[in-house]
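Asks: This is the content of my_file-v8.cif (mmCIF, C-alpha atoms and all ligand atoms):
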```cif
data_query
#
loop_
_atom_site.label_atom_id
_atom_site.label_comp_id
_atom_site.auth_asym_id
_atom_site.auth_seq_id
_atom_site.Cartn_x
_atom_site.Cartn_y
_atom_site.Cartn_z
CA MET A 27 -32.94 -181.82 -73.38
CA ASN A 28 -34.61 -182.88 -76.63
CA PHE A 29 -38.24 -182.40 -77.50
CA TYR A 30 -40.32 -183.34 -80.48
CA ASN A 31 -41.27 -179.97 -81.93
CA SER A 32 -44.65 -179.99 -83.72
CA LEU A 33 -43.54 -176.91 -85.68
CA THR A 34 -40.60 -178.63 -87.36
CA LYS A 35 -41.92 -182.21 -86.99
CA ARG A 36 -38.66 -183.45 -85.51
CA LYS A 37 -36.78 -183.78 -82.25
CA GLU A 38 -34.69 -180.75 -81.44
CA SER A 39 -32.47 -179.69 -78.62
CA LEU A 40 -34.11 -177.17 -76.33
CA ARG A 41 -31.97 -174.15 -75.54
CA PRO A 42 -33.56 -171.28 -73.66
CA LEU A 43 -33.82 -168.10 -75.70
CA LYS A 44 -32.94 -165.95 -72.69
CA ASN A 45 -30.26 -167.05 -70.20
CA ASN A 46 -31.42 -169.97 -68.14
CA LEU A 47 -35.10 -169.13 -68.33
CA ILE A 48 -37.72 -171.23 -70.14
CA ARG A 49 -40.83 -169.20 -70.91
CA MET A 50 -43.72 -171.62 -71.24
CA TYR A 51 -47.40 -171.23 -72.09
CA VAL A 52 -50.12 -173.88 -71.81
CA CYS A 53 -53.67 -173.32 -73.07
CA GLY A 54 -56.00 -173.35 -70.09
CA PRO A 55 -59.66 -174.15 -69.47
CA THR A 56 -62.89 -172.50 -70.52
CA VAL A 57 -64.49 -172.19 -67.12
CA TYR A 58 -68.15 -173.24 -67.19
CA GLY A 59 -68.14 -176.69 -65.58
CA PRO A 60 -66.14 -179.10 -63.45
CA SER A 61 -62.79 -180.43 -64.71
CA HIS A 62 -62.85 -183.87 -66.30
CA LEU A 63 -60.06 -186.41 -66.57
CA GLY A 64 -59.02 -185.18 -70.02
CA HIS A 65 -58.20 -181.74 -68.57
CA ALA A 66 -56.37 -183.31 -65.64
CA VAL A 67 -54.21 -185.47 -67.90
CA THR A 68 -53.07 -182.48 -69.99
CA TYR A 69 -52.15 -180.36 -66.98
CA ILE A 70 -50.34 -183.27 -65.28
CA ARG A 71 -48.30 -183.92 -68.44
CA PHE A 72 -47.13 -180.34 -68.70
CA ASP A 73 -46.48 -180.25 -64.96
CA PHE A 74 -44.10 -183.22 -65.39
CA ILE A 75 -42.28 -181.39 -68.16
CA ARG A 76 -42.09 -178.20 -66.14
CA ARG A 77 -40.81 -180.04 -63.05
CA PHE A 78 -38.26 -181.94 -65.07
CA LEU A 79 -36.92 -178.75 -66.66
CA GLU A 80 -36.55 -177.34 -63.16
CA PHE A 81 -34.82 -180.51 -62.04
CA LEU A 82 -32.32 -179.98 -64.88
CA GLY A 83 -31.58 -176.53 -63.50
CA TYR A 84 -33.69 -174.26 -65.69
CA LYS A 85 -35.96 -171.57 -64.37
CA VAL A 86 -39.48 -171.95 -65.76
CA LYS A 87 -41.91 -169.07 -66.17
CA LEU A 88 -45.24 -170.75 -66.84
CA VAL A 89 -48.44 -169.01 -67.92
CA ILE A 90 -51.82 -170.77 -68.17
CA ASN A 91 -54.77 -168.72 -69.43
CA ILE A 92 -58.30 -168.83 -68.10
CA THR A 93 -61.00 -168.40 -70.74
CA ASP A 94 -63.65 -166.63 -68.69
CA ILE A 95 -65.40 -164.96 -71.63
CA HIS A 96 -66.78 -167.43 -74.14
CA ASP A 97 -70.05 -168.37 -75.89
CA ASP A 98 -70.13 -171.70 -73.99
CA ILE A 99 -70.09 -169.82 -70.68
CA LEU A 100 -72.98 -167.64 -71.82
CA LYS A 101 -74.99 -170.65 -72.95
CA LYS A 102 -74.46 -172.48 -69.66
CA SER A 103 -75.25 -169.39 -67.60
CA GLN A 104 -78.57 -168.99 -69.45
CA GLU A 105 -79.42 -172.62 -68.73
CA LEU A 106 -78.59 -172.20 -65.04
CA LYS A 107 -80.03 -168.66 -64.86
CA ILE A 108 -76.95 -167.17 -63.21
CA PRO A 109 -74.81 -164.28 -64.49
CA PRO A 110 -72.04 -165.54 -66.83
CA GLN A 111 -69.21 -163.83 -64.96
CA LYS A 112 -70.40 -165.39 -61.71
CA LEU A 113 -70.41 -168.83 -63.31
CA ALA A 114 -66.93 -168.26 -64.73
CA ASP A 115 -65.61 -167.04 -61.36
CA LYS A 116 -66.98 -170.10 -59.62
CA TYR A 117 -65.31 -172.54 -62.02
CA THR A 118 -62.07 -170.56 -62.05
CA GLN A 119 -61.84 -171.14 -58.30
CA GLU A 120 -62.73 -174.81 -58.79
CA PHE A 121 -59.99 -175.10 -61.39
CA TYR A 122 -57.39 -173.76 -58.94
CA LYS A 123 -58.58 -176.28 -56.34
CA ASP A 124 -58.27 -179.11 -58.87
CA LEU A 125 -54.71 -178.11 -59.74
CA GLU A 126 -53.89 -178.12 -56.06
CA SER A 127 -55.40 -181.53 -55.48
CA LEU A 128 -53.36 -182.87 -58.41
CA ARG A 129 -50.27 -181.30 -56.80
CA ILE A 130 -49.55 -179.30 -59.92
CA LYS A 131 -46.98 -176.58 -59.30
CA LYS A 132 -48.37 -173.07 -59.48
CA ALA A 133 -47.95 -171.12 -62.67
CA PHE A 134 -46.35 -167.69 -62.67
CA LYS A 135 -49.67 -166.27 -63.85
CA TYR A 136 -53.21 -167.38 -64.74
CA PRO A 137 -54.37 -164.44 -66.85
CA ARG A 138 -58.10 -164.11 -67.51
CA VAL A 139 -59.70 -162.80 -70.67
CA SER A 140 -61.90 -160.44 -68.64
CA GLU A 141 -58.77 -158.77 -67.24
CA ASN A 142 -56.98 -158.49 -70.59
CA LEU A 143 -59.55 -157.00 -72.95
CA LYS A 144 -57.38 -153.93 -73.49
CA GLU A 145 -54.48 -156.05 -74.77
CA ILE A 146 -56.82 -158.17 -76.92
CA ILE A 147 -58.44 -155.11 -78.53
CA ASN A 148 -55.05 -153.57 -79.10
CA LEU A 149 -53.83 -156.66 -80.94
CA ILE A 150 -56.94 -156.66 -83.16
CA LYS A 151 -56.30 -152.97 -83.95
CA ILE A 152 -52.74 -153.77 -85.08
CA LEU A 153 -54.03 -156.58 -87.31
CA ILE A 154 -56.54 -154.24 -88.95
CA GLN A 155 -53.90 -151.52 -89.42
CA LYS A 156 -51.54 -153.98 -91.07
CA GLY A 157 -54.26 -155.28 -93.39
CA TYR A 158 -54.54 -158.77 -91.89
CA ALA A 159 -58.03 -158.25 -90.49
CA TYR A 160 -61.26 -156.72 -91.74
CA GLU A 161 -64.54 -155.61 -90.21
CA THR A 162 -67.97 -156.82 -91.34
CA ASN A 163 -71.41 -156.15 -89.92
CA ASP A 164 -71.16 -159.10 -87.52
CA GLY A 165 -67.53 -158.91 -86.41
CA VAL A 166 -63.84 -158.52 -87.13
CA TYR A 167 -62.16 -161.37 -88.99
CA PHE A 168 -58.61 -162.52 -89.65
CA ASP A 169 -57.95 -162.89 -93.39
CA ILE A 170 -56.00 -166.16 -93.64
CA SER A 171 -55.13 -165.57 -97.30
CA LYS A 172 -52.96 -162.61 -96.22
CA PHE A 173 -50.76 -164.67 -93.94
CA LYS A 174 -48.48 -166.67 -96.19
CA ASN A 175 -47.35 -169.18 -93.52
CA TYR A 176 -50.91 -170.20 -92.67
CA GLY A 177 -51.01 -174.00 -92.31
CA ARG A 178 -47.35 -174.44 -91.39
CA LEU A 179 -48.12 -176.08 -88.05
CA SER A 180 -51.11 -178.21 -88.98
CA GLY A 181 -50.21 -178.87 -92.62
CA ILE A 182 -53.61 -177.57 -93.70
CA ILE A 183 -53.70 -176.16 -97.21
CA ILE A 184 -55.81 -173.14 -98.05
CA GLU A 185 -57.83 -173.67 -101.18
CA LYS A 186 -58.51 -170.59 -103.24
CA GLU A 187 -62.30 -170.97 -103.24
CA LEU A 188 -62.31 -171.11 -99.43
CA THR A 189 -60.65 -167.79 -98.84
CA GLY A 190 -63.13 -165.16 -97.90
CA THR A 191 -65.47 -167.62 -96.15
CA ARG A 192 -65.97 -166.77 -92.54
CA VAL A 193 -66.79 -168.48 -89.28
CA LYS A 194 -67.99 -166.64 -86.26
CA THR A 195 -68.19 -169.65 -83.98
CA ASP A 196 -65.17 -171.14 -82.20
CA LYS A 197 -66.48 -174.63 -82.77
CA TYR A 198 -66.17 -175.09 -86.47
CA GLU A 199 -65.42 -178.42 -88.07
CA LYS A 200 -61.77 -179.38 -88.34
CA GLU A 201 -62.03 -179.68 -92.12
CA GLU A 202 -63.26 -176.14 -92.43
CA VAL A 203 -60.56 -173.67 -93.28
CA SER A 204 -61.81 -170.12 -93.18
CA ASP A 205 -61.31 -166.62 -91.90
CA PHE A 206 -61.89 -166.67 -88.16
CA ALA A 207 -63.45 -164.18 -85.78
CA LEU A 208 -61.23 -161.88 -83.72
CA TRP A 209 -64.21 -159.93 -82.40
CA LYS A 210 -67.87 -161.00 -82.50
CA LYS A 211 -70.52 -158.31 -82.52
CA GLU A 212 -73.32 -159.53 -80.27
CA ASN A 213 -76.74 -158.39 -79.17
CA ASP A 214 -77.23 -160.30 -75.93
CA LYS A 215 -76.73 -158.88 -72.46
CA TRP A 216 -73.15 -160.05 -71.84
CA LEU A 217 -71.21 -157.46 -73.79
CA PHE A 218 -67.92 -155.63 -73.78
CA SER A 219 -67.07 -152.37 -75.51
CA SER A 220 -64.68 -152.17 -78.45
CA PRO A 221 -63.93 -149.77 -81.33
CA TRP A 222 -66.15 -152.09 -83.46
CA GLY A 223 -69.12 -151.94 -81.16
CA LYS A 224 -70.23 -154.18 -78.35
CA GLY A 225 -69.49 -157.87 -78.32
CA ARG A 226 -66.98 -160.49 -77.26
CA PRO A 227 -63.51 -161.45 -78.42
CA GLY A 228 -63.05 -164.65 -80.44
CA TRP A 229 -61.35 -167.50 -78.62
CA HIS A 230 -57.96 -167.67 -80.41
CA ILE A 231 -56.98 -164.01 -79.98
CA GLU A 232 -56.76 -164.22 -76.19
CA CYS A 233 -53.86 -166.70 -76.21
CA SER A 234 -51.81 -164.52 -78.54
CA ALA A 235 -52.49 -161.36 -76.54
CA MET A 236 -51.87 -162.89 -73.11
CA SER A 237 -48.82 -165.00 -73.96
CA ILE A 238 -47.13 -162.00 -75.59
CA LYS A 239 -48.04 -159.80 -72.64
CA TYR A 240 -46.46 -162.07 -70.04
CA LEU A 241 -43.79 -163.94 -71.98
CA ASP A 242 -42.83 -161.65 -74.87
CA MET A 243 -42.07 -163.19 -78.26
CA PRO A 244 -40.64 -165.43 -79.34
CA PHE A 245 -40.96 -167.50 -76.17
CA ASP A 246 -39.64 -171.02 -75.63
CA LEU A 247 -42.39 -173.58 -75.19
CA HIS A 248 -46.07 -173.71 -76.02
CA GLY A 249 -48.06 -176.70 -74.86
CA GLY A 250 -51.55 -178.04 -75.28
CA ALA A 251 -53.48 -181.15 -76.21
CA ILE A 252 -53.08 -182.40 -79.77
CA ASP A 253 -56.65 -181.43 -80.74
CA LEU A 254 -55.68 -177.76 -80.36
CA ILE A 255 -53.24 -177.86 -83.30
CA PHE A 256 -55.97 -176.86 -85.70
CA PRO A 257 -57.49 -174.38 -85.68
CA HIS A 258 -56.47 -172.92 -82.31
CA HIS A 259 -52.68 -173.05 -82.45
CA GLU A 260 -52.54 -172.42 -86.17
CA ASN A 261 -54.56 -169.26 -85.59
CA GLU A 262 -52.45 -168.17 -82.60
CA ILE A 263 -49.35 -168.26 -84.81
CA ALA A 264 -51.08 -166.37 -87.63
CA GLN A 265 -52.33 -163.56 -85.36
CA SER A 266 -49.10 -163.12 -83.42
CA GLU A 267 -46.65 -163.32 -86.31
CA ALA A 268 -48.80 -161.17 -88.59
CA ALA A 269 -49.06 -158.45 -85.94
CA TYR A 270 -45.41 -158.31 -84.89
CA GLY A 271 -43.54 -159.68 -87.91
CA LYS A 272 -41.43 -162.11 -85.90
CA LYS A 273 -41.50 -165.67 -84.67
CA PHE A 274 -44.19 -166.40 -82.06
CA VAL A 275 -42.79 -169.45 -80.30
CA ASN A 276 -39.80 -171.77 -80.59
CA PHE A 277 -41.28 -175.13 -79.61
CA TYR A 278 -44.84 -176.42 -79.82
CA LEU A 279 -45.41 -179.54 -77.68
CA HIS A 280 -48.65 -181.47 -78.11
CA SER A 281 -49.92 -184.10 -75.73
CA GLY A 282 -52.00 -187.15 -76.64
CA LEU A 283 -55.71 -187.35 -75.86
CA LEU A 284 -57.56 -189.35 -73.27
CA TYR A 285 -59.94 -192.13 -74.31
CA VAL A 286 -62.34 -194.14 -72.22
CA ASN A 287 -62.63 -197.76 -73.35
CA GLY A 288 -61.26 -196.79 -76.73
CA GLN A 289 -63.72 -193.95 -77.28
CA LYS A 290 -63.36 -190.22 -76.98
CA MET A 291 -64.76 -189.01 -73.70
CA SER A 292 -68.03 -187.19 -74.15
CA LYS A 293 -71.19 -186.47 -72.22
CA SER A 294 -73.38 -187.94 -74.94
CA LEU A 295 -71.60 -191.31 -74.81
CA GLY A 296 -72.07 -191.40 -71.05
CA ASN A 297 -68.36 -192.11 -70.47
CA TYR A 298 -67.57 -188.69 -69.09
CA ILE A 299 -65.42 -188.89 -65.94
CA GLU A 300 -65.20 -185.90 -63.67
CA LEU A 301 -61.90 -185.43 -61.89
CA ARG A 302 -63.43 -185.13 -58.41
CA GLU A 303 -65.35 -188.35 -58.94
CA PHE A 304 -62.14 -190.16 -59.88
CA LEU A 305 -60.24 -188.75 -56.90
CA GLN A 306 -62.79 -190.24 -54.54
CA LYS A 307 -61.67 -193.69 -55.66
CA TYR A 308 -57.98 -193.19 -56.29
CA PRO A 309 -55.26 -190.97 -54.83
CA ALA A 310 -54.05 -188.05 -56.96
CA ARG A 311 -50.55 -189.46 -56.92
CA PHE A 312 -51.80 -192.59 -58.65
CA LEU A 313 -53.32 -190.51 -61.43
CA ARG A 314 -49.96 -188.82 -61.92
CA PHE A 315 -48.31 -192.21 -62.00
CA PHE A 316 -50.86 -193.60 -64.49
CA VAL A 317 -50.22 -190.64 -66.76
CA PHE A 318 -46.44 -191.07 -66.36
CA LEU A 319 -46.65 -194.67 -67.62
CA HIS A 320 -47.66 -193.26 -71.01
CA HIS A 321 -45.47 -191.09 -73.18
CA TYR A 322 -46.85 -187.55 -73.16
CA ARG A 323 -47.48 -187.61 -76.91
CA SER A 324 -49.33 -190.94 -76.78
CA PRO A 325 -53.04 -191.32 -76.23
CA ILE A 326 -54.16 -192.82 -72.91
CA ASP A 327 -56.95 -195.34 -72.74
CA PHE A 328 -58.85 -195.42 -69.50
CA ASN A 329 -60.27 -198.87 -68.99
CA GLU A 330 -60.59 -201.27 -66.07
CA LYS A 331 -57.72 -203.47 -67.20
CA ASN A 332 -55.23 -200.61 -67.68
CA LEU A 333 -56.19 -199.09 -64.37
CA LYS A 334 -55.91 -202.38 -62.52
CA ASN A 335 -52.48 -203.15 -63.98
CA ALA A 336 -51.23 -199.67 -63.24
CA TRP A 337 -52.56 -199.84 -59.68
CA GLU A 338 -50.71 -203.09 -59.01
CA THR A 339 -47.48 -201.71 -60.45
CA TYR A 340 -47.93 -198.51 -58.50
CA PHE A 341 -48.50 -200.27 -55.22
CA ASN A 342 -45.65 -202.65 -55.82
CA LEU A 343 -43.23 -199.86 -56.68
CA ASN A 344 -44.08 -197.88 -53.57
CA GLU A 345 -43.69 -200.95 -51.42
CA ARG A 346 -40.32 -201.81 -52.94
CA ILE A 347 -38.98 -198.32 -52.51
CA VAL A 348 -39.99 -198.27 -48.87
CA LYS A 349 -38.35 -201.67 -48.36
CA LEU A 350 -35.22 -200.59 -50.19
CA LYS A 351 -34.83 -197.83 -47.65
CA ALA A 352 -34.55 -200.39 -44.93
CA LYS A 353 -31.43 -202.04 -46.42
CA GLU A 354 -28.26 -201.15 -48.26
CA PHE A 355 -27.62 -201.91 -51.92
CA LYS A 356 -25.01 -201.89 -54.69
CA GLU A 357 -23.93 -198.72 -56.45
CA LYS A 358 -25.69 -197.40 -59.58
CA ASN A 359 -26.04 -193.92 -60.92
CA LEU A 360 -29.37 -192.13 -60.86
CA ARG A 361 -28.08 -189.86 -63.59
CA ASN A 362 -28.15 -192.69 -66.15
CA ILE A 363 -31.84 -193.26 -65.84
CA VAL A 364 -32.70 -189.59 -65.62
CA LYS A 365 -30.96 -189.18 -69.00
CA ILE A 366 -33.78 -191.21 -70.55
CA LEU A 367 -36.20 -188.40 -69.73
CA GLU A 368 -33.97 -185.90 -71.49
CA ASP A 369 -34.96 -187.55 -74.75
CA ASP A 370 -38.43 -186.14 -75.41
CA PHE A 371 -39.46 -186.93 -71.83
CA ASN A 372 -39.67 -190.68 -72.47
CA SER A 373 -41.42 -191.58 -69.24
CA PRO A 374 -42.41 -195.21 -70.08
CA LYS A 375 -38.79 -196.05 -70.93
CA PHE A 376 -37.60 -194.32 -67.76
CA PHE A 377 -40.05 -196.31 -65.74
CA ALA A 378 -39.02 -199.64 -67.30
CA LYS A 379 -35.38 -198.94 -66.45
CA LEU A 380 -36.21 -197.80 -62.95
CA TYR A 381 -38.13 -200.97 -62.34
CA GLU A 382 -35.27 -203.09 -63.64
CA ILE A 383 -32.83 -201.39 -61.28
CA ILE A 384 -35.08 -201.84 -58.29
CA GLU A 385 -35.75 -205.43 -59.28
CA LYS A 386 -32.04 -206.21 -59.35
CA ASN A 387 -31.42 -204.27 -56.15
CA GLU A 388 -28.78 -202.35 -58.06
CA ILE A 389 -29.09 -199.20 -56.06
CA SER A 390 -27.20 -197.76 -53.17
CA LEU A 391 -28.72 -196.14 -50.16
CA SER A 392 -27.22 -192.78 -51.05
CA ASN A 393 -28.52 -193.05 -54.60
CA LEU A 394 -31.82 -194.20 -53.32
CA LYS A 395 -32.14 -190.98 -51.42
CA ASN A 396 -31.58 -189.11 -54.67
CA LEU A 397 -34.00 -191.32 -56.51
CA ASP A 398 -36.53 -190.97 -53.76
CA LYS A 399 -36.14 -187.20 -53.85
CA PHE A 400 -36.53 -187.23 -57.61
CA LEU A 401 -39.63 -189.39 -57.51
CA LEU A 402 -41.08 -187.26 -54.77
CA PHE A 403 -40.52 -184.26 -56.97
CA LEU A 404 -42.40 -185.84 -59.88
CA PHE A 405 -45.01 -187.53 -57.71
CA PRO A 406 -45.40 -185.37 -54.64
CA TRP A 407 -47.37 -187.12 -51.96
CA ARG A 408 -49.39 -186.01 -49.03
CA LYS A 409 -47.18 -185.90 -45.95
CA LEU A 410 -48.34 -187.64 -42.82
CA THR A 411 -49.75 -185.24 -40.28
CA PRO A 412 -48.29 -185.18 -36.73
CA LYS A 413 -51.57 -186.74 -35.58
CA GLU A 414 -51.16 -189.60 -38.05
CA LYS A 415 -47.57 -190.16 -36.97
CA ALA A 416 -48.72 -190.29 -33.34
CA LEU A 417 -51.37 -192.84 -34.30
CA ILE A 418 -48.71 -195.09 -35.82
CA ARG A 419 -46.69 -194.91 -32.60
CA GLN A 420 -49.83 -195.63 -30.60
CA ARG A 421 -50.51 -198.65 -32.79
CA ASN A 422 -47.00 -199.99 -32.17
CA ARG A 423 -47.56 -199.72 -28.42
CA LEU A 424 -50.86 -201.56 -28.77
CA ARG A 425 -49.09 -204.34 -30.67
CA GLN A 426 -46.45 -204.63 -27.97
CA GLU A 427 -49.22 -204.97 -25.44
CA LYS A 428 -50.74 -207.64 -27.71
CA LYS A 429 -53.94 -205.61 -28.24
CA PHE A 430 -54.08 -206.70 -31.87
CA ALA A 431 -57.76 -206.00 -32.50
CA GLN A 432 -57.36 -202.33 -31.58
CA ALA A 433 -54.14 -202.10 -33.59
CA ASP A 434 -55.97 -203.50 -36.58
CA ILE A 435 -58.66 -200.86 -36.49
CA ILE A 436 -55.99 -198.17 -36.75
CA ARG A 437 -54.38 -200.01 -39.67
CA GLN A 438 -57.71 -200.28 -41.50
CA ASN A 439 -58.43 -196.60 -41.03
CA PHE A 440 -55.08 -195.75 -42.57
CA GLU A 441 -55.86 -197.97 -45.57
CA LYS A 442 -58.96 -195.94 -46.29
CA LYS A 443 -56.58 -193.02 -46.80
CA PHE A 444 -54.29 -195.07 -49.07
CA ILE A 445 -51.65 -195.43 -46.36
CA TYR A 446 -50.61 -199.01 -45.77
CA LEU A 447 -48.85 -200.28 -42.65
CA GLN A 448 -46.73 -203.39 -42.97
CA ASP A 449 -45.31 -204.99 -39.87
CA LEU A 450 -41.82 -206.39 -40.00
CA LYS A 451 -40.14 -208.14 -37.07
CA ASN A 452 -39.23 -205.05 -35.10
CA LYS A 453 -40.57 -202.16 -37.13
CA THR A 454 -43.53 -200.98 -39.18
CA LEU A 455 -43.15 -199.91 -42.78
CA VAL A 456 -45.37 -197.05 -43.84
CA ILE A 457 -46.35 -197.30 -47.50
CA ASN A 458 -47.98 -193.99 -48.23
CA ILE A 459 -49.39 -193.94 -51.74
CA ASN A 460 -51.69 -190.99 -51.23
ZN ZN B 501 -54.69 -171.24 -76.37
#
```
Starting from the file, give its structure as structure tokens.
Ligand SMILES: [Zn+2]

Replies:
Amino acid sequence: MNFYNSLTKRKESLRPLKNNLIRMYVCGPTVYGPSHLGHAVTYIRFDFIRRFLEFLGYKVKLVINITDIHDDILKKSQELKIPPQKLADKYTQEFYKDLESLRIKKAFKYPRVSENLKEIINLIKILIQKGYAYETNDGVYFDISKFKNYGRLSGIIIEKELTGTRVKTDKYEKEEVSDFALWKKENDKWLFSSPWGKGRPGWHIECSAMSIKYLDMPFDLHGGAIDLIFPHHENEIAQSEAAYGKKFVNFYLHSGLLYVNGQKMSKSLGNYIELREFLQKYPARFLRFFVFLHHYRSPIDFNEKNLKNAWETYFNLNERIVKLKAKEFKEKNLRNIVKILEDDFNSPKFFAKLYEIIEKNEISLSNLKNLDKFLLFLFPWRKLTPKEKALIRQRNRLRQEKKFAQADIIRQNFEKKFIYLQDLKNKTLVININ
């Protein structure tokens, strides 16, 4: 399996560092509001990669962190007049529900900042002891001039006059290169104890502390959206490698961003799409499919035209696969098309080839079963309930009795759930795209 490694800027062969196990970390959400489509796309992309690695026979130990202590959470909780931890707990639960509705496989662990303060503080202590961090009257900062590899991932160059400047916020401008906060001394009510007084940890330190705790270092794969390269991932590397004097991670994979009609999604532009809102109109499986049509490193543009085209292709593909099952076809190896994914998970190319094979009917029934199993693995769908199966049988009886109006009502109700019934001469095809 080859992946484009953002650390080395080239495609490299992935070999697990320990036996057959791939230790993988993906930066998770800051929990103070509902998930939007941008979040969903990132988690779906890394779920594809995780599933595919498992398909190839690797064991995957995945960790996704939950940022449940953050200035944004405090700000939102003050607006809503509810305690910050309560707000964070609520949206942590919502996040789990969203992952489930997207049929994303469970991670090994979802560590929370609030449960790992000991590890975070310990890492800051090591950085101070080793001379990479210093305390001021408003916090503890990482001194980027001390870490000679700073900028290796993002290509950012430290200018002499910038060293020694500090930022306490986690939201500084991309162009700004400066010492960053490991611990922020605060005076508000939401505080945690540390050897440097009360306050909150900075954002970057949690990912170093929690990935090392659960995955050790170096670990195999670190994923996240491309906008996390700088400063977040650059800072993760600096903290971890400075503290322990060895490599932090082998591969960094970065996924492309989501745009809406060519623009970045943001609340102020009014083009912000919440995941739940989207899932009322489309099945989760379709969202996975839409994401799959784009290479994971490419941006995705959400617009009416792209969605419409993808929907037609999606429906058509499902229909063809169901119809293929009804007949027998020529031999062709599934392995050949799966190989395409082994090259930096090239999903659009895989899909083009798959479509070509189906188009030419170049697939045998036994291979179709494999293909079907494989597609089901990447795009798990909602299974029909026993009640739904009974309804289909009931509808067939109604049709035999020529009660077509009643049969039609059942069909229409199924369509509302994205399950389509197509009547052939002596059987009914069930096209379940939910
Ligand atoms: Zn992170």

Asks: Sort by chain and increasing residue number a table of all residues of chain A within 7 Å of ligand ZN 501 (chain B), each with its closest pair of atoms and their distance in Å to one decimal, counting only C-alpha atoms and all ligand atoms, and write it as a Markdown table.

Replies:
```
| residue | atom | partner | partner_atom | distance |
| --- | --- | --- | --- | --- |
| A:Val52 | CA | B:ZN501 | ZN | 7.0 |
| A:Cys53 | CA | B:ZN501 | ZN | 4.0 |
| A:Gly54 | CA | B:ZN501 | ZN | 6.8 |
| A:His230 | CA | B:ZN501 | ZN | 6.3 |
| A:Cys233 | CA | B:ZN501 | ZN | 4.6 |
| A:His258 | CA | B:ZN501 | ZN | 6.4 |
| A:His259 | CA | B:ZN501 | ZN | 6.7 |
```

Asks: Which protein, DNA or RNA residues are at most 8 Å from (-38.6, -169.1, -67.8) in the file's coordinates when you count all atoms listed in the file, listed as number ranges by chain?

Replies: A: 46-50, 84-88

Asks: Would you mind telling me which residue in A:Ile154, A:Leu447, A:Val166, A:Leu343 lies nearest to Glu212 (chain A) when using only C-alpha atoms?

Replies: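 Nearest to Glu212 (chain A): A:Val166.
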
Asks: What is the CA of Arg437 (chain A) to CA of Arg302 (chain A) distance in Å?

Replies: 25.6 Å

Asks: Rank nothing, just name the residue among A:Pro325, A:Gly157, A:Gly223, A:Pro109 nearest to Lys210 (chain A), using only C-alpha atoms.

Replies: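 Result for the nearest residue to Lys210 (chain A): A:Gly223.
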
Asks: Given the choices A:Leu113, A:Leu179, A:Ile152, A:Leu241, which gets closest to Ile90 (chain A) if the distance is worked out from all atoms listed in the file?

Replies: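 Using all atoms listed in the file, the shortest distance to Ile90 (chain A) belongs to A:Leu241.
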
Asks: Check the smallest atom-to-atom distance from each of A:Asp73, A:Glu38, A:Asp369, A:Asp115 to Phe318 (chain A) using all atoms listed in the file, then report the winner.

Replies: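 The closest residue to Phe318 (chain A) is A:Asp73.
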
Asks: Tell me which protein, DNA and RNA residues are within 12 Å of Gly249 (chain A), counting all atoms listed in the file, leaving out same-chain ones fewer than 6 positions away, and put them as a ChimeraX atom specification.

Replies: /A:29-33,49-54,68-73,75-76,88-91,233,237,255,258-259,275-282,322-323

Asks: Which residue is closest to Lys409 (chain A)? Choose from A:Gln265, A:Asn329, A:Asn460, A:Ser61 and count all atoms listed in the file.

Replies: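 Between A:Gln265, A:Asn329, A:Asn460, A:Ser61, the residue approaching Lys409 (chain A) most closely is A:Asn460.
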
Asks: Please indicate the distance in Å from CA of Asp327 (chain A) to CA of Ile252 (chain A), rounded to one decimal place.

Replies: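 Separating CA of Asp327 (chain A) from CA of Ile252 (chain A) is a distance of 15.2 Å.
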
Asks: Between CA of Leu247 (chain A) and CA of Pro42 (chain A), measure the distance and give it in Å to one decimal.

Replies: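 Atom-to-atom, CA of Leu247 (chain A) and CA of Pro42 (chain A) are spaced 9.3 Å apart.
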
Asks: Quick one: residues within 12 Å of Leu404 (chain A), all atoms listed in the file counted, chain neighbours fewer than 4 positions away excluded, as a ChimeraX atom specification?

Replies: /A:70-81,128-131,311-315,317-318,364,367,373,397-400

Asks: May I have the selected residues written with C-alpha atoms, as a short mmCIF file (atom, residue, chain, number, x, y, z; two decimals), in the coordinates of the input?

Replies:
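File produced: selection.cif:
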```cif
data_model
loop_
_atom_site.label_atom_id
_atom_site.label_comp_id
_atom_site.auth_asym_id
_atom_site.auth_seq_id
_atom_site.Cartn_x
_atom_site.Cartn_y
_atom_site.Cartn_z
CA ILE A 70 -50.34 -183.27 -65.28
CA ARG A 71 -48.30 -183.92 -68.44
CA PHE A 72 -47.13 -180.34 -68.70
CA ASP A 73 -46.48 -180.25 -64.96
CA PHE A 74 -44.10 -183.22 -65.39
CA ILE A 75 -42.28 -181.39 -68.16
CA ARG A 76 -42.09 -178.20 -66.14
CA ARG A 77 -40.81 -180.04 -63.05
CA PHE A 78 -38.26 -181.94 -65.07
CA LEU A 79 -36.92 -178.75 -66.66
CA GLU A 80 -36.55 -177.34 -63.16
CA PHE A 81 -34.82 -180.51 -62.04
CA LEU A 128 -53.36 -182.87 -58.41
CA ARG A 129 -50.27 -181.30 -56.80
CA ILE A 130 -49.55 -179.30 -59.92
CA LYS A 131 -46.98 -176.58 -59.30
CA ARG A 311 -50.55 -189.46 -56.92
CA PHE A 312 -51.80 -192.59 -58.65
CA LEU A 313 -53.32 -190.51 -61.43
CA ARG A 314 -49.96 -188.82 -61.92
CA PHE A 315 -48.31 -192.21 -62.00
CA VAL A 317 -50.22 -190.64 -66.76
CA PHE A 318 -46.44 -191.07 -66.36
CA VAL A 364 -32.70 -189.59 -65.62
CA LEU A 367 -36.20 -188.40 -69.73
CA SER A 373 -41.42 -191.58 -69.24
CA LEU A 397 -34.00 -191.32 -56.51
CA ASP A 398 -36.53 -190.97 -53.76
CA LYS A 399 -36.14 -187.20 -53.85
CA PHE A 400 -36.53 -187.23 -57.61
#
```
